[in-house]
>>> print(open('model02.tsv').read())   # TSV, C-alpha atoms
chain	number	residue	atom	x	y	z
A	1	MET	CA	0.00	0.00	0.00
A	2	THR	CA	1.49	3.34	-1.07
A	3	THR	CA	1.59	6.28	1.31
A	4	PRO	CA	-0.93	8.92	0.20
A	5	THR	CA	0.37	12.27	-1.00
A	6	TYR	CA	-1.57	15.40	-0.21
A	7	ARG	CA	-1.81	18.45	-2.49
A	8	THR	CA	-3.83	21.65	-2.42
A	9	ASP	CA	-5.01	24.45	-4.68
A	10	PHE	CA	-4.63	26.82	-1.71
A	11	PRO	CA	-4.04	29.76	-1.98
A	12	GLN	CA	-4.26	30.36	-5.73
A	13	HIS	CA	-7.90	29.23	-5.98
A	14	CYS	CA	-8.87	30.87	-2.73
A	15	ARG	CA	-9.55	34.28	-1.28
A	16	THR	CA	-7.96	34.58	2.14
A	17	HIS	CA	-8.29	37.18	4.85
A	18	PRO	CA	-6.83	37.32	8.37
A	19	ILE	CA	-9.54	37.71	11.00
A	20	ASP	CA	-9.28	37.51	14.80
A	21	GLY	CA	-6.12	35.39	14.63
A	22	MET	CA	-7.70	32.97	12.15
A	23	THR	CA	-7.69	32.78	8.38
A	24	LEU	CA	-10.96	33.28	6.57
A	25	VAL	CA	-10.95	31.37	3.30
A	26	PHE	CA	-13.32	31.52	0.35
A	27	HIS	CA	-12.60	28.45	-1.79
A	28	ARG	CA	-13.61	29.30	-5.36
A	29	PRO	CA	-13.94	25.74	-6.75
A	30	SER	CA	-16.41	24.72	-4.05
A	31	GLY	CA	-17.91	28.13	-3.27
A	32	ALA	CA	-17.48	27.31	0.41
A	33	THR	CA	-16.27	29.64	3.16
A	34	HIS	CA	-14.05	28.35	5.96
A	35	PHE	CA	-12.55	29.71	9.15
A	36	LEU	CA	-9.14	28.10	9.61
A	37	ASP	CA	-7.20	28.19	12.85
A	38	SER	CA	-3.56	27.18	13.34
A	39	PRO	CA	-2.10	24.82	12.24
A	40	LEU	CA	-4.38	24.48	9.20
A	41	PRO	CA	-3.19	27.58	7.27
A	42	GLN	CA	0.42	26.56	7.90
A	43	MET	CA	-0.28	23.01	6.70
A	44	LEU	CA	-1.92	24.32	3.53
A	45	ALA	CA	0.97	26.70	2.89
A	46	LEU	CA	3.46	23.83	3.16
A	47	LEU	CA	1.38	21.61	0.86
A	48	ALA	CA	1.01	24.48	-1.60
A	49	ALA	CA	4.79	24.76	-1.79
A	50	LYS	CA	5.20	21.02	-2.30
A	51	PRO	CA	2.78	18.06	-2.22
A	52	MET	CA	3.87	15.55	0.41
A	53	ASP	CA	2.75	12.70	2.61
A	54	ALA	CA	1.66	13.00	6.23
A	55	ALA	CA	5.06	12.07	7.64
A	56	ARG	CA	6.95	14.71	5.65
A	57	LEU	CA	4.26	17.27	6.38
A	58	THR	CA	4.56	16.55	10.10
A	59	THR	CA	8.32	17.10	9.94
A	60	SER	CA	7.94	20.34	7.99
A	61	LEU	CA	5.12	21.63	10.15
A	62	CYS	CA	6.94	20.93	13.42
A	63	ALA	CA	10.00	22.72	12.06
A	64	THR	CA	7.87	25.67	10.97
A	65	LEU	CA	6.07	25.97	14.30
A	66	GLY	CA	9.07	25.06	16.48
A	67	LEU	CA	7.28	22.06	17.98
A	68	PRO	CA	8.72	18.64	18.85
A	69	GLU	CA	8.01	16.01	16.22
A	70	ASP	CA	6.42	13.10	18.01
A	71	ALA	CA	3.57	10.62	17.71
A	72	GLU	CA	1.04	13.16	18.91
A	73	ALA	CA	2.10	15.66	16.26
A	74	ARG	CA	1.79	12.99	13.58
A	75	ALA	CA	-1.68	12.00	14.82
A	76	VAL	CA	-2.85	15.62	14.81
A	77	VAL	CA	-1.53	16.22	11.30
A	78	GLU	CA	-3.23	13.09	9.99
A	79	ALA	CA	-6.51	14.06	11.63
A	80	ARG	CA	-6.37	17.59	10.24
A	81	LEU	CA	-5.48	16.29	6.77
A	82	THR	CA	-8.61	14.16	6.91
A	83	ASP	CA	-10.59	17.28	7.87
A	84	LEU	CA	-9.08	19.31	5.04
A	85	ALA	CA	-9.75	16.54	2.53
A	86	GLY	CA	-13.34	16.36	3.78
A	87	ILE	CA	-13.98	20.03	3.02
A	88	GLY	CA	-12.13	19.91	-0.29
A	89	LEU	CA	-9.12	22.04	0.57
A	90	VAL	CA	-6.67	19.19	0.02
A	91	GLU	CA	-6.72	16.31	-2.43
A	92	VAL	CA	-5.37	12.89	-1.64
A	93	GLY	CA	-3.37	11.35	-4.45
B	94	MET	CA	-57.83	33.17	-9.14
B	95	HIS	CA	-57.99	36.56	-7.44
B	96	GLY	CA	-54.95	38.74	-7.79
B	97	PHE	CA	-53.08	41.83	-6.70
B	98	ASP	CA	-49.84	43.23	-8.11
B	99	VAL	CA	-47.63	45.39	-5.94
B	100	ARG	CA	-44.03	46.60	-5.89
B	101	VAL	CA	-41.98	46.63	-2.70
B	102	GLY	CA	-38.56	48.11	-3.40
B	103	PRO	CA	-36.84	46.00	-6.05
B	104	ILE	CA	-39.41	43.20	-5.89
B	105	SER	CA	-42.54	43.30	-8.07
B	106	TYR	CA	-45.06	40.78	-6.80
B	107	ARG	CA	-47.93	39.08	-8.55
B	108	ILE	CA	-50.00	37.77	-5.68
B	109	GLY	CA	-52.73	35.24	-6.28
B	110	SER	CA	-55.36	33.66	-4.09
B	111	ALA	CA	-58.13	31.14	-4.67
B	112	TRP	CA	-60.28	33.29	-2.38
B	113	ALA	CA	-61.25	36.96	-2.74
B	114	ALA	CA	-61.22	37.93	0.94
B	115	PRO	CA	-57.47	37.55	1.65
B	116	ILE	CA	-56.67	39.67	-1.40
B	117	ALA	CA	-59.00	42.41	-0.17
B	118	VAL	CA	-57.21	42.41	3.19
B	119	LEU	CA	-53.84	42.52	1.47
B	120	ARG	CA	-54.91	45.44	-0.73
B	121	ARG	CA	-55.83	47.42	2.38
B	122	LEU	CA	-52.56	46.51	4.10
B	123	TYR	CA	-50.50	47.57	1.07
B	124	ALA	CA	-52.56	50.70	0.27
B	125	GLY	CA	-50.27	53.40	-1.12
B	126	TYR	CA	-47.62	51.02	-2.46
B	127	PRO	CA	-46.81	51.43	-6.17
B	128	ALA	CA	-47.78	49.00	-8.88
B	129	PRO	CA	-44.98	47.11	-10.66
B	130	ALA	CA	-43.05	49.18	-13.19
B	131	ASP	CA	-44.66	48.94	-16.63
B	132	GLY	CA	-47.30	46.72	-15.03
B	133	ILE	CA	-45.00	43.70	-15.12
B	134	ALA	CA	-44.59	41.65	-11.96
B	135	THR	CA	-41.64	39.25	-11.90
B	136	VAL	CA	-42.22	37.34	-8.66
B	137	THR	CA	-45.30	35.19	-8.10
B	138	ALA	CA	-46.64	34.27	-4.67
B	139	ARG	CA	-49.95	32.42	-4.27
B	140	ILE	CA	-52.16	30.73	-1.77
B	141	GLY	CA	-54.60	28.01	-2.67
B	142	PRO	CA	-56.32	24.97	-1.21
B	143	PRO	CA	-53.99	21.99	-0.64
B	144	ARG	CA	-56.83	19.73	-1.98
B	145	PRO	CA	-59.68	20.90	-4.25
B	146	TRP	CA	-62.38	20.40	-1.60
B	147	ARG	CA	-60.37	22.41	0.92
B	148	ARG	CA	-61.42	25.51	-1.00
B	149	TRP	CA	-64.93	25.19	0.50
B	150	ILE	CA	-64.96	22.46	3.12
B	151	ARG	CA	-63.04	23.45	6.28
B	152	PRO	CA	-60.86	25.59	3.99
B	153	GLN	CA	-57.11	25.46	4.33
B	154	VAL	CA	-54.40	27.51	2.62
B	155	ALA	CA	-51.21	26.18	1.09
B	156	ILE	CA	-48.28	28.39	0.10
B	157	GLU	CA	-47.21	28.38	-3.53
B	158	GLY	CA	-45.22	30.46	-5.98
B	159	ASP	CA	-42.22	30.51	-8.28
B	160	HIS	CA	-40.22	28.74	-5.56
B	161	ASN	CA	-41.71	26.12	-3.29
B	162	LEU	CA	-40.63	24.17	-0.26
B	163	PRO	CA	-41.90	20.58	-0.18
B	164	ASP	CA	-44.08	19.44	2.70
B	165	THR	CA	-45.11	22.93	3.78
B	166	VAL	CA	-47.94	22.42	6.26
B	167	PRO	CA	-51.26	24.00	5.15
B	168	MET	CA	-52.63	26.71	7.42
B	169	ALA	CA	-56.10	27.57	8.65
B	170	PHE	CA	-58.08	29.82	6.32
B	171	GLY	CA	-58.30	32.41	9.10
B	172	HIS	CA	-54.53	32.79	8.79
B	173	ALA	CA	-54.60	33.39	5.03
B	174	LEU	CA	-52.95	36.82	5.35
B	175	LEU	CA	-50.04	35.25	7.23
B	176	ALA	CA	-49.83	32.58	4.54
B	177	ILE	CA	-49.61	35.21	1.80
B	178	GLU	CA	-46.94	37.09	3.72
B	179	MET	CA	-45.01	33.84	4.18
B	180	ALA	CA	-45.38	33.09	0.46
B	181	MET	CA	-44.00	36.55	-0.35
B	182	ASN	CA	-41.09	35.99	2.04
B	183	MET	CA	-40.40	32.54	0.62
B	184	GLN	CA	-40.07	33.84	-2.93
B	185	VAL	CA	-37.43	36.34	-1.83
B	186	ALA	CA	-35.62	33.91	0.48
B	187	LEU	CA	-35.37	31.22	-2.20
B	188	GLY	CA	-35.20	33.25	-5.39
B	189	GLU	CA	-33.44	36.56	-4.86
B	190	CYS	CA	-30.11	36.66	-6.71
B	191	ARG	CA	-29.53	40.36	-7.35
B	192	HIS	CA	-28.92	41.35	-3.75
B	193	LEU	CA	-27.26	39.77	-0.77
B	194	LEU	CA	-29.94	38.98	1.80
B	195	ILE	CA	-29.34	39.43	5.51
B	196	HIS	CA	-31.98	38.32	8.00
B	197	ALA	CA	-32.46	41.61	9.80
B	198	SER	CA	-34.51	44.74	10.16
B	199	ALA	CA	-33.09	48.11	9.20
B	200	VAL	CA	-33.83	51.81	9.62
B	201	GLU	CA	-32.17	54.91	8.20
B	202	ARG	CA	-31.41	58.44	9.35
B	203	GLY	CA	-29.34	60.98	7.44
B	204	GLY	CA	-28.56	58.46	4.72
B	205	LYS	CA	-26.98	56.00	7.19
B	206	ALA	CA	-28.53	52.64	7.96
B	207	LEU	CA	-28.77	50.82	11.26
B	208	ILE	CA	-29.02	47.06	10.66
B	209	MET	CA	-30.50	44.85	13.39
B	210	PRO	CA	-30.08	41.13	12.75
B	211	GLY	CA	-31.69	38.74	15.15
B	212	ASP	CA	-33.66	35.57	15.64
B	213	SER	CA	-37.41	35.55	16.00
B	214	GLY	CA	-38.29	37.10	19.36
B	215	SER	CA	-35.15	39.25	19.54
B	216	GLY	CA	-37.25	42.38	19.09
B	217	LYS	CA	-35.69	43.49	15.82
B	218	SER	CA	-39.05	44.10	14.12
B	219	THR	CA	-40.56	45.90	17.08
B	220	LEU	CA	-37.56	48.19	17.49
B	221	ALA	CA	-37.48	48.98	13.78
B	222	ALA	CA	-41.22	49.64	13.70
B	223	LEU	CA	-41.10	52.00	16.64
B	224	LEU	CA	-37.90	53.78	15.59
B	225	ALA	CA	-39.67	54.40	12.28
B	226	GLU	CA	-42.35	56.31	14.21
B	227	ARG	CA	-39.80	58.63	15.79
B	228	GLY	CA	-37.66	60.12	13.07
B	229	TRP	CA	-36.13	57.08	11.42
B	230	ARG	CA	-37.11	55.67	8.02
B	231	LEU	CA	-37.99	52.00	7.86
B	232	LEU	CA	-35.86	50.16	5.29
B	233	ALA	CA	-36.64	46.54	6.05
B	234	ASP	CA	-38.40	44.33	8.56
B	235	GLU	CA	-37.22	40.84	7.61
B	236	PHE	CA	-34.78	40.97	4.70
B	237	VAL	CA	-31.99	43.50	4.40
B	238	MET	CA	-30.87	43.65	0.78
B	239	ILE	CA	-27.29	44.63	-0.01
B	240	ASP	CA	-26.64	45.79	-3.57
B	241	LEU	CA	-23.84	43.66	-5.02
B	242	ALA	CA	-22.57	46.52	-7.19
B	243	THR	CA	-22.45	49.31	-4.62
B	244	GLY	CA	-22.65	47.68	-1.20
B	245	ARG	CA	-25.54	50.00	-0.34
B	246	LEU	CA	-28.69	48.86	1.40
B	247	ILE	CA	-31.69	48.69	-0.93
B	248	PRO	CA	-34.96	49.34	0.92
B	249	PHE	CA	-37.50	46.53	1.04
B	250	PRO	CA	-40.18	48.01	3.31
B	251	ARG	CA	-42.68	45.18	3.51
B	252	ALA	CA	-45.52	45.27	6.02
B	253	ILE	CA	-44.04	44.74	9.49
B	254	SER	CA	-44.95	41.52	11.22
B	255	LEU	CA	-45.74	42.34	14.88
B	256	LYS	CA	-46.00	39.45	17.29
B	257	ASN	CA	-47.52	39.05	20.74
B	258	SER	CA	-46.65	41.93	23.13
B	259	ALA	CA	-45.23	44.00	20.24
B	260	ILE	CA	-48.78	44.45	18.92
B	261	ALA	CA	-49.94	46.54	21.88
B	262	GLU	CA	-46.65	48.46	21.86
B	263	ALA	CA	-47.24	49.50	18.25
B	264	GLU	CA	-50.95	50.16	18.71
B	265	ALA	CA	-50.11	52.60	21.50
B	266	ARG	CA	-47.63	54.50	19.33
B	267	VAL	CA	-49.17	54.47	15.84
B	268	ALA	CA	-52.07	56.89	15.60
B	269	ASP	CA	-53.58	55.68	12.32
B	270	PRO	CA	-55.51	52.42	12.86
B	271	ALA	CA	-55.86	52.00	9.08
B	272	ARG	CA	-52.16	51.04	8.95
B	273	PHE	CA	-52.81	47.85	10.86
B	274	GLY	CA	-53.93	44.55	9.40
B	275	PRO	CA	-56.41	42.29	11.17
B	276	HIS	CA	-55.59	40.55	14.45
B	277	LEU	CA	-54.50	36.98	13.77
B	278	SER	CA	-54.84	34.72	16.79
B	279	ALA	CA	-53.27	31.37	17.57
B	280	THR	CA	-51.03	31.34	14.50
B	281	PRO	CA	-47.90	29.16	14.42
B	282	LYS	CA	-46.06	32.37	15.40
B	283	GLY	CA	-48.48	33.29	18.20
B	284	GLU	CA	-50.63	36.41	18.13
B	285	LEU	CA	-49.84	38.42	15.05
B	286	ARG	CA	-50.76	41.72	13.46
B	287	HIS	CA	-49.21	43.43	10.45
B	288	LEU	CA	-48.36	47.12	10.32
B	289	ARG	CA	-48.01	49.09	7.10
B	290	PRO	CA	-44.85	51.25	7.19
B	291	ASN	CA	-45.53	54.97	7.25
B	292	ALA	CA	-45.91	57.06	4.11
B	293	GLU	CA	-42.28	58.22	4.13
B	294	ALA	CA	-40.95	54.64	4.05
B	295	ILE	CA	-43.17	53.86	1.07
B	296	ALA	CA	-42.51	57.11	-0.79
B	297	ARG	CA	-38.72	56.73	-0.41
B	298	MET	CA	-38.48	52.97	-1.06
B	299	ASP	CA	-36.17	53.58	-4.02
B	300	GLU	CA	-33.61	55.57	-1.99
B	301	PRO	CA	-30.72	53.35	-0.85
B	302	ALA	CA	-28.81	53.92	2.37
B	303	GLU	CA	-25.24	53.36	3.48
B	304	PRO	CA	-24.80	50.59	6.08
B	305	ALA	CA	-23.30	52.30	9.13
B	306	LEU	CA	-23.99	50.31	12.30
B	307	ILE	CA	-25.02	46.75	13.19
B	308	LEU	CA	-26.75	45.99	16.49
B	309	PHE	CA	-27.92	42.57	17.66
B	310	PRO	CA	-30.87	43.07	20.03
B	311	SER	CA	-32.00	40.56	22.66
B	312	TYR	CA	-35.38	41.30	24.18
B	313	GLY	CA	-36.33	40.27	27.70
B	314	PHE	CA	-33.06	40.65	29.60
B	315	GLU	CA	-31.53	43.23	31.92
B	316	PRO	CA	-29.77	46.03	30.05
B	317	ALA	CA	-26.30	45.02	28.90
B	318	SER	CA	-24.13	45.55	25.87
B	319	ASP	CA	-20.99	44.05	24.43
B	320	GLY	CA	-18.89	44.21	21.29
B	321	VAL	CA	-19.11	41.61	18.54
B	322	SER	CA	-15.86	40.29	17.11
B	323	ARG	CA	-15.33	40.45	13.37
B	324	SER	CA	-15.28	36.67	13.04
B	325	GLU	CA	-18.54	36.28	14.97
B	326	LEU	CA	-20.09	39.05	12.89
B	327	PHE	CA	-19.08	37.26	9.69
B	328	MET	CA	-20.56	34.01	11.00
B	329	ARG	CA	-23.82	35.54	12.13
B	330	LEU	CA	-24.40	37.56	8.98
B	331	THR	CA	-23.75	34.61	6.70
B	332	GLU	CA	-25.71	32.04	8.71
B	333	GLY	CA	-28.69	34.39	8.56
B	334	SER	CA	-28.48	34.79	4.78
B	335	THR	CA	-30.49	32.50	2.53
B	336	ASN	CA	-28.50	33.37	-0.59
B	337	TYR	CA	-24.91	33.88	0.64
B	338	ILE	CA	-23.80	30.50	-0.70
B	339	ALA	CA	-25.64	30.90	-4.00
B	340	LEU	CA	-24.06	34.30	-4.70
B	341	GLY	CA	-20.51	33.03	-4.23
B	342	GLU	CA	-17.48	35.29	-4.18
B	343	PRO	CA	-19.31	38.64	-4.57
B	344	ALA	CA	-21.25	37.83	-1.41
B	345	PHE	CA	-18.02	36.93	0.40
B	346	ASP	CA	-16.56	40.28	-0.67
B	347	HIS	CA	-19.53	42.26	0.57
B	348	VAL	CA	-19.82	40.50	3.91
B	349	LEU	CA	-16.09	40.97	4.40
B	350	ARG	CA	-16.41	44.66	3.60
B	351	ILE	CA	-19.24	45.02	6.10
B	352	VAL	CA	-17.30	43.14	8.77
B	353	GLU	CA	-14.16	45.21	8.26
B	354	THR	CA	-15.78	48.64	8.04
B	355	ILE	CA	-18.99	48.70	10.07
B	356	PRO	CA	-19.04	48.71	13.88
B	357	ALA	CA	-21.15	46.02	15.53
B	358	ALA	CA	-22.40	45.33	19.03
B	359	ARG	CA	-25.01	43.30	20.86
B	360	PHE	CA	-27.31	44.55	23.56
B	361	ALA	CA	-29.98	43.19	25.84
B	362	TYR	CA	-33.03	45.17	26.97
B	363	PRO	CA	-35.97	44.47	29.25
B	364	ASP	CA	-38.60	46.62	27.53
B	365	THR	CA	-39.10	48.63	24.38
B	366	ASP	CA	-38.43	52.07	25.84
B	367	SER	CA	-35.05	51.03	27.23
B	368	GLY	CA	-34.30	49.22	23.96
B	369	ILE	CA	-34.92	52.38	21.98
B	370	ALA	CA	-32.81	54.41	24.42
B	371	ILE	CA	-29.90	51.97	24.06
B	372	VAL	CA	-30.19	52.04	20.26
B	373	GLU	CA	-30.21	55.85	20.23
B	374	GLN	CA	-27.14	55.93	22.47
B	375	PHE	CA	-25.24	53.54	20.20
B	376	CYS	CA	-26.29	55.57	17.16
B	377	ALA	CA	-25.20	58.85	18.72
B	378	GLU	CA	-21.77	57.36	19.43
B	379	ALA	CA	-21.55	56.01	15.86
B	380	GLY	CA	-22.62	59.28	14.29
B	381	LEU	CA	-26.03	58.24	13.02
>>> encode(input="model02.tsv", output="C-alpha cells")
Amino acid sequence: MTTPTYRTDFPQHCRTHPIDGMTLVFHRPSGATHFLDSPLPQMLALLAAKPMDAARLTTSLCATLGLPEDAEARAVVEARLTDLAGIGLVEVG
Amino acid sequence: MHGFDVRVGPISYRIGSAWAAPIAVLRRLYAGYPAPADGIATVTARIGPPRPWRRWIRPQVAIEGDHNLPDTVPMAFGHALLAIEMAMNMQVALGECRHLLIHASAVERGGKALIMPGDSGSGKSTLAALLAERGWRLLADEFVMIDLATGRLIPFPRAISLKNSAIAEAEARVADPARFGPHLSATPKGELRHLRPNAEAIARMDEPAEPALILFPSYGFEPASDGVSRSELFMRLTEGSTNYIALGEPAFDHVLRIVETIPAARFAYPDTDSGIAIVEQFCAEAGL
C-alpha cells in the first residue's frame, strides 16, 4: 500500500483574509467559506509549496512551528489532513 | 384566481389567491404602495387549497409560488394573510439573486442605515417599527438587501410583522388604525398583526442607504451591551443569509467589507423604551 500524498489548490484558488487570529478562506472551486485556525493555514501553505505525505508534512510543520516532532504531532496532522480533505481544501493522491 | 400586483422596493409581486377575501385584506394593508413598473410583476406568490375540496370544506391555505418548499404544512383559512406574507417571504428567500440577503430589520437616518439582525423574538421588528415612528425611516423588517454593485442597502419596506406583546406596543404608538392589518390569533407564530410602514418609508423605497452600524438586540433581559468580534459578525451575517452561498465570491466580498468597516455590538433590553434608548445611544456614538 502506497503512502498517500496530499496536495492543495490553496491559496491560488482561494480568497484569504486574516480575522481575529484565524484565516478566513473563500474556496472558489467549491464556493465554500471556511474559518481556519492554526495549524491548518500553515499546513496548507506547506502543501502548496510542495505536495507531500503526512510524515513529511509533520516534519515540515513541526519545524515551521518550532514544535517537537512526536507521535502526537503525527496524529494531529493526519486528523487535520482528513478534515481538510473532507472540506475539499486538500486532495489525496 | 384573485390577484393583486404590488411593488416593494426591487421586488414586483404578482399575488394570487383562490379566495377573494385575503386579497381584499392585502390590498388594504398595502394601500399606497406602487404597482410594478410597466405593469410587469416578476415574482409570483400564491395561496390556494392543498386539496380541491379544501377551498370550500373546512378551507385550508397552502403556500405556492415561483419557488416552493416541499411538505409545507397547510394553514387555517383564518390565517390566510399570514400565509400570503409567508409566500411573499419565501419567494425572496429562495429566489433573490440580485442582492445579498441578511436576515435583519433596518432603519435609516441621514442616509446612514442601522441594521439589526436577530432571531425571532429578539425584538428586531418591534424596534425597527417604533424607531420608524420617531424620526427614522424604515428600510426593512425581515430581509436587508445589499446591492452587489455598490454595497448599499436597498430598501425593502414590507408590512411589518408584529408578534404578541409588540402588537400593543405599536398600537399605543401608531395613531392611524388603518395602517394595521387584522388581528390573527393562535397562529404558528403566536398572536400576530401586520403594520403598514408609514408614508415616508413607502414614498422613499427607491432611496438606498449606506450601512453604518449593526446591532444585535435581545429582548427580555436586563440592560447590557458588548462588542461583537469580526469573526462572529461574519458568521452571524452569513448564517442568517439565505443566498450567501448561491451568490458566491461577490457575497463573500460584501460581507467581508461590512465586517471590516462597520461597527457592531449586541445589547440586551428588558422593555421597548429602554431598547430604543440603548439604540439611540449607540447611534449617537456612531454618528447616526
>>> closest_atom_pairs(input="model02.tsv", of="chain B", to="chain A", cutoff="10 Å", atoms="all atoms listed in the file", output="tab-separated table")
residue	atom	partner	partner_atom	distance
B:Ser322	CA	A:Asp20	CA	7.5
B:Arg323	CA	A:Ile19	CA	6.8
B:Ser324	CA	A:Ile19	CA	6.2
B:Glu325	CA	A:Asp20	CA	9.3
B:Phe327	CA	A:Leu24	CA	9.6
B:Met328	CA	A:Phe35	CA	9.3
B:Thr331	CA	A:Thr33	CA	9.7
B:Tyr337	CA	A:Gly31	CA	9.9
B:Ile338	CA	A:Gly31	CA	6.8
B:Ala339	CA	A:Gly31	CA	8.2
B:Leu340	CA	A:Gly31	CA	8.8
B:Gly341	CA	A:Gly31	CA	5.6
B:Glu342	CA	A:Phe26	CA	7.2
B:Phe345	CA	A:Phe26	CA	7.2
B:Asp346	CA	A:Arg15	CA	9.2
B:Leu349	CA	A:His17	CA	8.7
B:Val352	CA	A:Ile19	CA	9.7
B:Glu353	CA	A:Ile19	CA	9.2
>>> axis_aligned_box(input="model02.tsv", around="range 106-120 of chain B", padding_each_side="4 Å", output="JSON")
{"center_x": -53.2, "center_y": 38.3, "center_z": -2.7, "size_x": 24.2, "size_y": 22.3, "size_z": 19.7}
>>> atom_distance(input="model02.tsv", atom1="CA of Asp53 in chain A", atom2="CA of Arg80 in chain A")
12.9 Å
>>> residues_around(input="model02.tsv", residues="range 170-178 of chain B", least_positions_apart="5", cutoff="8 Å", atoms="all atoms listed in the file", output="NGL selection string")
:B and (108 or 115 or 118-119 or 138-140 or 152-156 or 277 or 280)
>>> closest_residue(input="model02.tsv", among="A:Thr16, A:Arg74, A:Thr8, A:Leu81", to="Cys62 in chain A", atoms="all atoms listed in the file")
A:Arg74
>>> atom_distance(input="model02.tsv", atom1="CA of Ala169 in chain B", atom2="CA of Asp269 in chain B")
28.5 Å
>>> closest_residue(input="model02.tsv", among="A:Ala45, A:Pro39, A:Gly86, A:Phe10", to="Gly66 in chain A", atoms="all atoms listed in the file")
A:Pro39
>>> atom_distance(input="model02.tsv", atom1="CA of Met209 in chain B", atom2="CA of Ala268 in chain B")
24.8 Å
>>> residues_around(input="model02.tsv", residues="range 215-224 of chain B", least_positions_apart="3", cutoff="7 Å", atoms="only C-alpha atoms", output="VMD selection string")
chain B and resid 198 to 200 209 to 212 227 to 229 231 234 253 255 259 263 310 to 312 369
>>> closest_residue(input="model02.tsv", among="A:Asp83, A:Glu78, A:Asp9, A:Glu72", to="Leu44 in chain A", atoms="only C-alpha atoms")
A:Asp9
>>> decode(input="model02.tsv", residues="range 54-73 of chain A", atoms="N, CA and C atoms", output="PDB file, in the first residue's frame")
ATOM      1  N   ALA A  54       1.912  12.516   4.871  1.00  0.00           N
ATOM      2  CA  ALA A  54       1.659  13.003   6.225  1.00  0.00           C
ATOM      3  C   ALA A  54       2.943  13.060   7.051  1.00  0.00           C
ATOM      4  N   ALA A  55       3.833  12.095   6.851  1.00  0.00           N
ATOM      5  CA  ALA A  55       5.064  12.072   7.642  1.00  0.00           C
ATOM      6  C   ALA A  55       5.935  13.279   7.309  1.00  0.00           C
ATOM      7  N   ARG A  56       6.117  13.549   6.034  1.00  0.00           N
ATOM      8  CA  ARG A  56       6.945  14.707   5.646  1.00  0.00           C
ATOM      9  C   ARG A  56       6.286  16.008   6.091  1.00  0.00           C
ATOM     10  N   LEU A  57       4.961  16.049   5.966  1.00  0.00           N
ATOM     11  CA  LEU A  57       4.260  17.270   6.382  1.00  0.00           C
ATOM     12  C   LEU A  57       4.417  17.486   7.888  1.00  0.00           C
ATOM     13  N   THR A  58       4.364  16.427   8.650  1.00  0.00           N
ATOM     14  CA  THR A  58       4.557  16.548  10.103  1.00  0.00           C
ATOM     15  C   THR A  58       5.941  17.126  10.402  1.00  0.00           C
ATOM     16  N   THR A  59       6.948  16.607   9.732  1.00  0.00           N
ATOM     17  CA  THR A  59       8.318  17.098   9.937  1.00  0.00           C
ATOM     18  C   THR A  59       8.428  18.581   9.591  1.00  0.00           C
ATOM     19  N   SER A  60       7.872  18.931   8.435  1.00  0.00           N
ATOM     20  CA  SER A  60       7.942  20.336   7.989  1.00  0.00           C
ATOM     21  C   SER A  60       7.162  21.245   8.919  1.00  0.00           C
ATOM     22  N   LEU A  61       5.982  20.784   9.309  1.00  0.00           N
ATOM     23  CA  LEU A  61       5.122  21.631  10.147  1.00  0.00           C
ATOM     24  C   LEU A  61       5.761  21.852  11.517  1.00  0.00           C
ATOM     25  N   CYS A  62       6.303  20.791  12.107  1.00  0.00           N
ATOM     26  CA  CYS A  62       6.937  20.932  13.421  1.00  0.00           C
ATOM     27  C   CYS A  62       8.136  21.870  13.341  1.00  0.00           C
ATOM     28  N   ALA A  63       8.869  21.792  12.237  1.00  0.00           N
ATOM     29  CA  ALA A  63       9.996  22.716  12.061  1.00  0.00           C
ATOM     30  C   ALA A  63       9.499  24.149  11.917  1.00  0.00           C
ATOM     31  N   THR A  64       8.427  24.330  11.171  1.00  0.00           N
ATOM     32  CA  THR A  64       7.874  25.673  10.971  1.00  0.00           C
ATOM     33  C   THR A  64       7.375  26.280  12.271  1.00  0.00           C
ATOM     34  N   LEU A  65       6.691  25.458  13.072  1.00  0.00           N
ATOM     35  CA  LEU A  65       6.066  25.972  14.295  1.00  0.00           C
ATOM     36  C   LEU A  65       6.976  25.857  15.516  1.00  0.00           C
ATOM     37  N   GLY A  66       8.156  25.226  15.347  1.00  0.00           N
ATOM     38  CA  GLY A  66       9.070  25.057  16.482  1.00  0.00           C
ATOM     39  C   GLY A  66       8.545  24.089  17.514  1.00  0.00           C
ATOM     40  N   LEU A  67       7.851  23.049  17.063  1.00  0.00           N
ATOM     41  CA  LEU A  67       7.277  22.059  17.979  1.00  0.00           C
ATOM     42  C   LEU A  67       8.038  20.746  17.863  1.00  0.00           C
ATOM     43  N   PRO A  68       8.051  19.951  18.933  1.00  0.00           N
ATOM     44  CA  PRO A  68       8.717  18.638  18.848  1.00  0.00           C
ATOM     45  C   PRO A  68       7.937  17.709  17.923  1.00  0.00           C
ATOM     46  N   GLU A  69       8.665  16.970  17.120  1.00  0.00           N
ATOM     47  CA  GLU A  69       8.012  16.014  16.217  1.00  0.00           C
ATOM     48  C   GLU A  69       7.869  14.683  16.961  1.00  0.00           C
ATOM     49  N   ASP A  70       6.659  14.330  17.265  1.00  0.00           N
ATOM     50  CA  ASP A  70       6.423  13.103  18.010  1.00  0.00           C
ATOM     51  C   ASP A  70       5.141  12.441  17.496  1.00  0.00           C
ATOM     52  N   ALA A  71       4.740  11.371  18.166  1.00  0.00           N
ATOM     53  CA  ALA A  71       3.570  10.618  17.711  1.00  0.00           C
ATOM     54  C   ALA A  71       2.293  11.465  17.768  1.00  0.00           C
ATOM     55  N   GLU A  72       2.232  12.318  18.797  1.00  0.00           N
ATOM     56  CA  GLU A  72       1.036  13.155  18.914  1.00  0.00           C
ATOM     57  C   GLU A  72       0.938  14.133  17.742  1.00  0.00           C
ATOM     58  N   ALA A  73       2.090  14.731  17.390  1.00  0.00           N
ATOM     59  CA  ALA A  73       2.097  15.662  16.257  1.00  0.00           C
ATOM     60  C   ALA A  73       1.656  14.948  14.978  1.00  0.00           C
TER      61      ALA A  73
END
